[in-house]
Structures are given as C-alpha cells and as structure tokens.
There are 4 protein chains.
Amino acid sequence: MSVNKVILIGNVGQDPEVKHLDKDVTVARFPLATSESYTAKNGEKVTATEWHNIVVWRGLAKVVEQYVHKGDKLYLEGRIRTRSWDDKDGNKRYTTEINVDNMEMLTPKGQSTGAQQTSAPSNQQAASVSEPDFSSSDEDDLPF
Amino acid sequence: MSVNKVILIGNVGQDPEVKHLDKDVTVARFPLATSESYTAKNGEKVTATEWHNIVVWRGLAKVVEQYVHKGDKLYLEGRIRTRSWDDKDGNKRYTTEINVDNMEMLTPKGQSTGAQQTSAPSNQQAASVSEPDFSSSDEDDLPF
Amino acid sequence: MSVNKVILIGNVGQDPEVKHLDKDVTVARFPLATSESYTAKNGEKVTATEWHNIVVWRGLAKVVEQYVHKGDKLYLEGRIRTRSWDDKDGNKRYTTEINVDNMEMLTPKGQSTGAQQTSAPSNQQAASVSEPDFSSSDEDDLPF
Amino acid sequence: MSVNKVILIGNVGQDPEVKHLDKDVTVARFPLATSESYTAKNGEKVTATEWHNIVVWRGLAKVVEQYVHKGDKLYLEGRIRTRSWDDKDGNKRYTTEINVDNMEMLTPKGQSTGAQQTSAPSNQQAASVSEPDFSSSDEDDLPF
DNA sequence: TTTT
DNA sequence: TTTT
C-alpha cells in the first residue's frame with residue numbers, strides 16, 4: 001500500500017567504494033551529483049548541486065565495481081532510506097541514502113572523463129576492477 | 001542534464017505545520033510514512049517504515065493546509081534536497097527533505113482516519129484551516 | 001542503455017479478464033482510466049479521460065484475479081508495449097499496452113465500489129476467482 | 001485523483017518534424033526507440049526495440065527544433081495519450097503518443113551520431129532550425 | 001527508424 | 001566530490 005521510488009540522472013562524484021562482505025555479498029557506495037539551474041531574483045544564473053549517497057547491493061554492486069567511475073553519468077532507480085546512528089557526542093544522527101534497484105550507464109564506453117580514468121594506462125579498466133585497497137580503508141567505522 | 005525525481009505514496013504522520021511567510025509565501029511541512037514488508041531470514045514477516053520529511057511551497061502548500069490531515073494517503077512527486085545546518089555542538093548536520101512539485105489526494109473525501117479529524121466537530125476542516133498557533137511555535141529555530 | 005517506465009494511478013474500468021495459459025502461466029487484462037481536469041479557453045471545466053490497456057503476467061496476474069475489481073483504484077508501474085496485428089482488411093494495426101511490473105492496491109479492503117462487487121453475494125470473491133466463462137469468450141481472436 | 005506519467009530514455013529515430021501553428025504555437029514530433037535485451041528460451045540473446053511516438057508542444061518544441069537530432073539520446077518525462085481517428089475504410093483507429101512535459105539531452109553537445117548531422121556542413125544546426133519544408137509536407141493529413 |  |  002505504499003511506494004518509495006527515486007529516479008536520478010547525475011554524475012558520479014568519486015570512484016565507488018566497494019566492499020565484499022561475507023556470504024559473497026558485495027556493496028558499493030558513491031556520491032552522485034544532480035544539479036539544477038535557475039535564475040535568481042537578481043537576474044544571476046545559479047547552479048545548485050545536490051549530492052546523493054548512493055548504495056548498491058549484490059549483483060548490481062559488481063557491475064558498479066567493474067564499470068562505474070568518477071565522472072560517469074548514470075540513470076538510477078531506487079528507494080530512499082534514512083539510517084540513524086549515534087555520533088561521538090551521543091546524539092542521534094541521520095543519513096539518507098538511495099538504495100539502487102536499477103541502473104543504466106549513460107556515459108558511452110571509452111568516454112569517461114574522470115581524472116583517474118583519463119590519466120590511466122590503456123589497461124586501466126582491469127586495474128580499476130581489482131582496486132585493491134578499499135577493503136582496508138580506515139573509513140570502515142564511518143556510517144557512510 | 002540531470003534528473004532528481006521522487007515518487008511517494010504513503011500516509012501522513014502528523015497534521016501539517018503551515019507557515020505564512022512574507023510576500024504571501026506559504027510553506028507546509030509534514031512527515032510521510034512509506035512501508036515495506038518482507039520476510040526475514042528467520043521466516044518472520046517484517047514491516048520496515050520509512051519516514052520522509054515533506055516540504056510543500058506556495059499554492060500547493062495552501063492545498064495542503066486545507067485538505068491534508070494526519071492519516072491521509074497521498075501521492076507525491078518531488079525532488080530530494082539535503083540541507084546542512086550547525087547543531088549546538090558546532091557540528092555540521094544534514095537533513096534530507098522532499099520538496100513537492102505535484103500531489104494527489106488518495107484518501108476519498110470524508111474518509112480521513114486521523115485521530116484529530118475523527119474527534120473534531122463538524123466544522124473541523126475550517127478549524128484546521130485557521131490553525132492559529134503554528135506560527136508562534138517555539139520550534140521555529142529548528143531546521144525542520 | 002534505455003528506460004521505458006510508466007507510472008499510473010487510476011480506476012479499473014471493467015473486471016479483469018484472466019486467462020490461464022499452459023505451463024501455469026496466467027495473464028490478466030483490464031482497462032484503467034486516468035483523468036485530467038483543465039479549464040478550456042471558454043472557461044468551461046473539462047475532464048479528459050485516458051484509457052490504458054493493462055496487461056499483467058504470472059504471479060501478479062493471480063493477485064489481479066483475486067483482488068482487483070471494476071472501480072478499484074490502483075497504482076501501477078510498468079512498461080509501454082505496442083503490438084502490431086493485421087485487421088480483417090489486411091491493414092497493419094497497432095495496440096499499445098502497459099505491461100505491469102509492480103502494483104499497489106489503493107482501494108481499502110472492503111470499500112470497492114464496482115457494481116458487480118456490491119451486488120454480489122458474500123462469496124463473490126471466490127466466485128470472481130473462478131470466473132468460468134472468460135476462456136470461452138469469442139473475443140479470443142481480438143488482439144486485446 | 002489520478003496519475004499518468006511516462007519516463008523514457010532512448011534514441012531519436014528520425015530528425016523531428018516541427019510545425020508552426022497559428023498563435024505562435026509550435027509542435028514537434030519524432031520517434032524514440034527504447035530497447036530491452038533478454039535471453040530467449042533457446043539461450044539466444046534477443047534485443048526488442050519499442051518505438052514511441054513523441055509529441056512536444058510550445059517552448060519545449062522550440063528546444064527540440066534547435067537541438068534534437070536523429071540518433072540523440074534523450075530523457076523524456078510525459079503523459080500517455082491515445083488519439084482516435086477514422087481510416088480510409090471508415091474504421092476507428094488509435095494512435096498512442098507520449099506528450100512530453102520535461103526533457104533532458106543526454107548526448108553531449110557535438111557528439112551526435114545521426115547520419116544527417118555528420119554529413120551536414122558546419123552550419124547545419126542553424127540550417128536545421130529553419131527547416132523550411134516540413135510545413136508543406138503532404139503528410140499533413142496523417143494523424144501522426 | 002535509433003542505439004549497444 | 002561530479003557535470004554543463
């Protein structure tokens with residue numbers, strides 16, 4: 001009796017962080033920017049950027065791991081989920097994420113414009129697939 | 001070149017808070033619940049409820065003021081917007097809201113189930129329209 | 001690299017026609033009305049109704065068979081599909097349908113307003129489930 | 001009390017046909033392809049293409065006229081509308097169209113791949129804007 | 001009739 | 001922190 005659906009088209013802000021949990025479960029996280037342009041009261045053109053915390057699970061996370069890079073444009077379909085956690089001062093805090101159900105790559109293959117990609121050698125894609133050091137990231141304790 | 005679209009169907013958790021700002025601008029805020037049922041690993045049926053911070057501006061806010069009550073089921077279309085603010089400890093905090101562009105009432109007229117409504121006298125709708133004390137609420141300093 | 005998504009909220013125009021094909025595949029079809037109101041140039045208020053040919057397959061078709069009746073309000077998510085066929089004059093003709101992927105019932109249980117339902121005896125739901133005569137309908141040759 | 005919403009991402013099949021009606025009203029029409037790939041029962045990979053009749057009015061039609069070309073990838077948001085008309089044999093026939101409310105160009109500027117574009121001289125975009133012969137097209141009598 |  |  002209810003619907004919680006998000007549709008985003010935007011640009012990947014950072015290469016995804018991918019974690020391989022036990023039981024062969026993979027999760028990928030990355031920021032996605034959407035932006036809106038409008039004319040302010042003073043006539044100035046303004047671009048407002050919105051950052052979304054994207055979370056992708058299981059099979060789709062493996063697709064992210066292999067093919068999604070900083071700068072890519074993506075179509076995402078998912079659900080809003082707000083998680084709560086306690087910060088160091090004992091305050092309840094909230095983080096809103098987008099849990100992805102469906103994804104389409106809108107950047108044509110070989111046209112990624114992310115810094116890492118363009119500076120990478122010709123075998124960069126394979127390199128990015130193995131991306132060895134995310135699992136040892138010391139950000140593991142952060143809630144997002 | 002980007003899209004930020006949310007579609008929700010859910011139930012209003014509290015009667016909307018409506019403020020009349022200067023220049024005849026109205027803003028309405030209320031929580032909306034969506035829920036998902038799934039079967040947990042142990043076979044138990046679980047219902048997870050997600051609460052969304054809904055924000056409605058201008059003409060649509062006046063519709064909310066007149067017709068939307070606790071318990072009503074709504075279809076909403078809007079955009080995700082995360083605002084940042086500084087809490088009392090000087091930490092940056094974030095609140096994610098849904099800014100509504102389009103709304104449809106799914107509760108048939110006269111069938112609202114909210115507690116306030118059902119206990120209200122027959123002129124309750126007019127009463128709720130004038131709703132006198134929100135603007136003097138001491139919650140004005142809170143970011144939502 | 002492409003998206004074909006439809007979101008409808010509307011009312012069921014006729015009780016669904018349900019067919020049980022071989023291999024335990026079920027398909028349900030029914031018309032759904034959406035309507036838009038607008039003010040014409042002459043100041044008159046006009047309501048335009050749009051009829052959609054809804055098609056539901058497999059497990060979801062069984063849900064339709066059991067729970068969906070004329071008059072019910074539904075949320076549907078699906079894809080547009082246009083089928084072509086040859087009419088009796090040998091002309092190519094086209095029928096556009098909505099293939100449903102996801103459905104939510106928006107009419108509260110026991111509040112259906114369809115004529116058949118309200119006039120039906122207390123066991124009408126079971127009756128509608130077995131709905132014996134659709135498969136022998138002479139409309140079988142029509143493309144919808 | 002109803003919703004009729006379509007979201008498409010696909011490729012433009014032909015350069016848009018643009019007509020300037022009286023009262024400065026512009027309408028643009030073009031076919032858009034979406035495609036789905038799946039594995040058939042025999043293990044073969046199949047791509048099914050769906051063609052949508054896109055209709056864009058007024059200001060957005062002028063954007064189409066200037067910027068949209070065969071081959072371009074677009075995000076479109078709109079409504080389903082089925083029109084009826086009488087064919088030469090006096091039969092009622094139906095055409096389903098997508099009336100566009102919102103559009104985003106997904107092909108980066110200068111990267112169109114449509115045949116007409118790549119073979120056009122460097123001033124082809126201005127040329128396509130004036131596109132002189134559509135209004136005298138003898139297809140005017142056709143319903144789409 | 002488009003794209004991958 | 002992305003893109004145009």
# chains A, B, ... in the order shown; residues from 1 in each chain; ligands from 1
$ interface_residues --of "chain A" --to "chain E" --cutoff "12 Å" --atoms "only C-alpha atoms (C1' of nucleotides)" --output "PyMOL selection string"
chain A and resi 105-109
$ interface_residues --of "chain B" --to "chain D" --cutoff "12 Å" --atoms "only C-alpha atoms" --output "tab-separated table (two decimals) with C-alpha atoms, in the first residue's frame"
chain	number	residue	atom	x	y	z
B	1	MET	CA	21.48	17.36	-17.94
B	2	SER	CA	20.27	15.83	-14.71
B	3	VAL	CA	17.18	14.45	-13.05
B	4	ASN	CA	16.20	14.36	-9.36
B	5	LYS	CA	12.76	12.88	-9.03
B	7	ILE	CA	7.59	9.44	-6.24
B	9	ILE	CA	2.70	7.03	-1.89
B	73	LYS	CA	-2.84	8.70	1.99
B	74	LEU	CA	-1.06	10.86	-0.58
B	75	TYR	CA	0.70	10.53	-3.90
B	76	LEU	CA	3.64	12.94	-4.02
B	77	GLU	CA	6.09	13.84	-6.73
B	102	ASN	CA	2.87	17.59	-7.55
B	103	MET	CA	0.38	15.98	-5.19
B	104	GLU	CA	-2.72	13.81	-5.42
B	105	MET	CA	-5.01	13.00	-2.54
B	106	LEU	CA	-5.69	9.27	-2.37
B	107	THR	CA	-7.96	9.26	0.66
B	108	PRO	CA	-11.57	9.69	-0.52
B	109	LYS	CA	-13.16	12.83	0.89
$ residues_around --residues "Ile54 of chain A" --least-positions-apart "5" --cutoff "10 Å" --atoms "only C-alpha atoms (C1' of nucleotides)" --output "count of residues only"
16
$ decode --residues "chain F" --atoms "C-alpha atoms (C1' of nucleotides)" --output "mmCIF file, in the first residue's frame"
data_model
loop_
_atom_site.group_PDB
_atom_site.id
_atom_site.type_symbol
_atom_site.label_atom_id
_atom_site.label_comp_id
_atom_site.auth_asym_id
_atom_site.auth_seq_id
_atom_site.Cartn_x
_atom_site.Cartn_y
_atom_site.Cartn_z
ATOM 1 C "C1'" DT F 1 33.115 15.497 -4.747
ATOM 2 C "C1'" DT F 2 30.541 15.481 -10.448
ATOM 3 C "C1'" DT F 3 28.873 17.643 -14.625
ATOM 4 C "C1'" DT F 4 27.363 21.763 -18.239
#
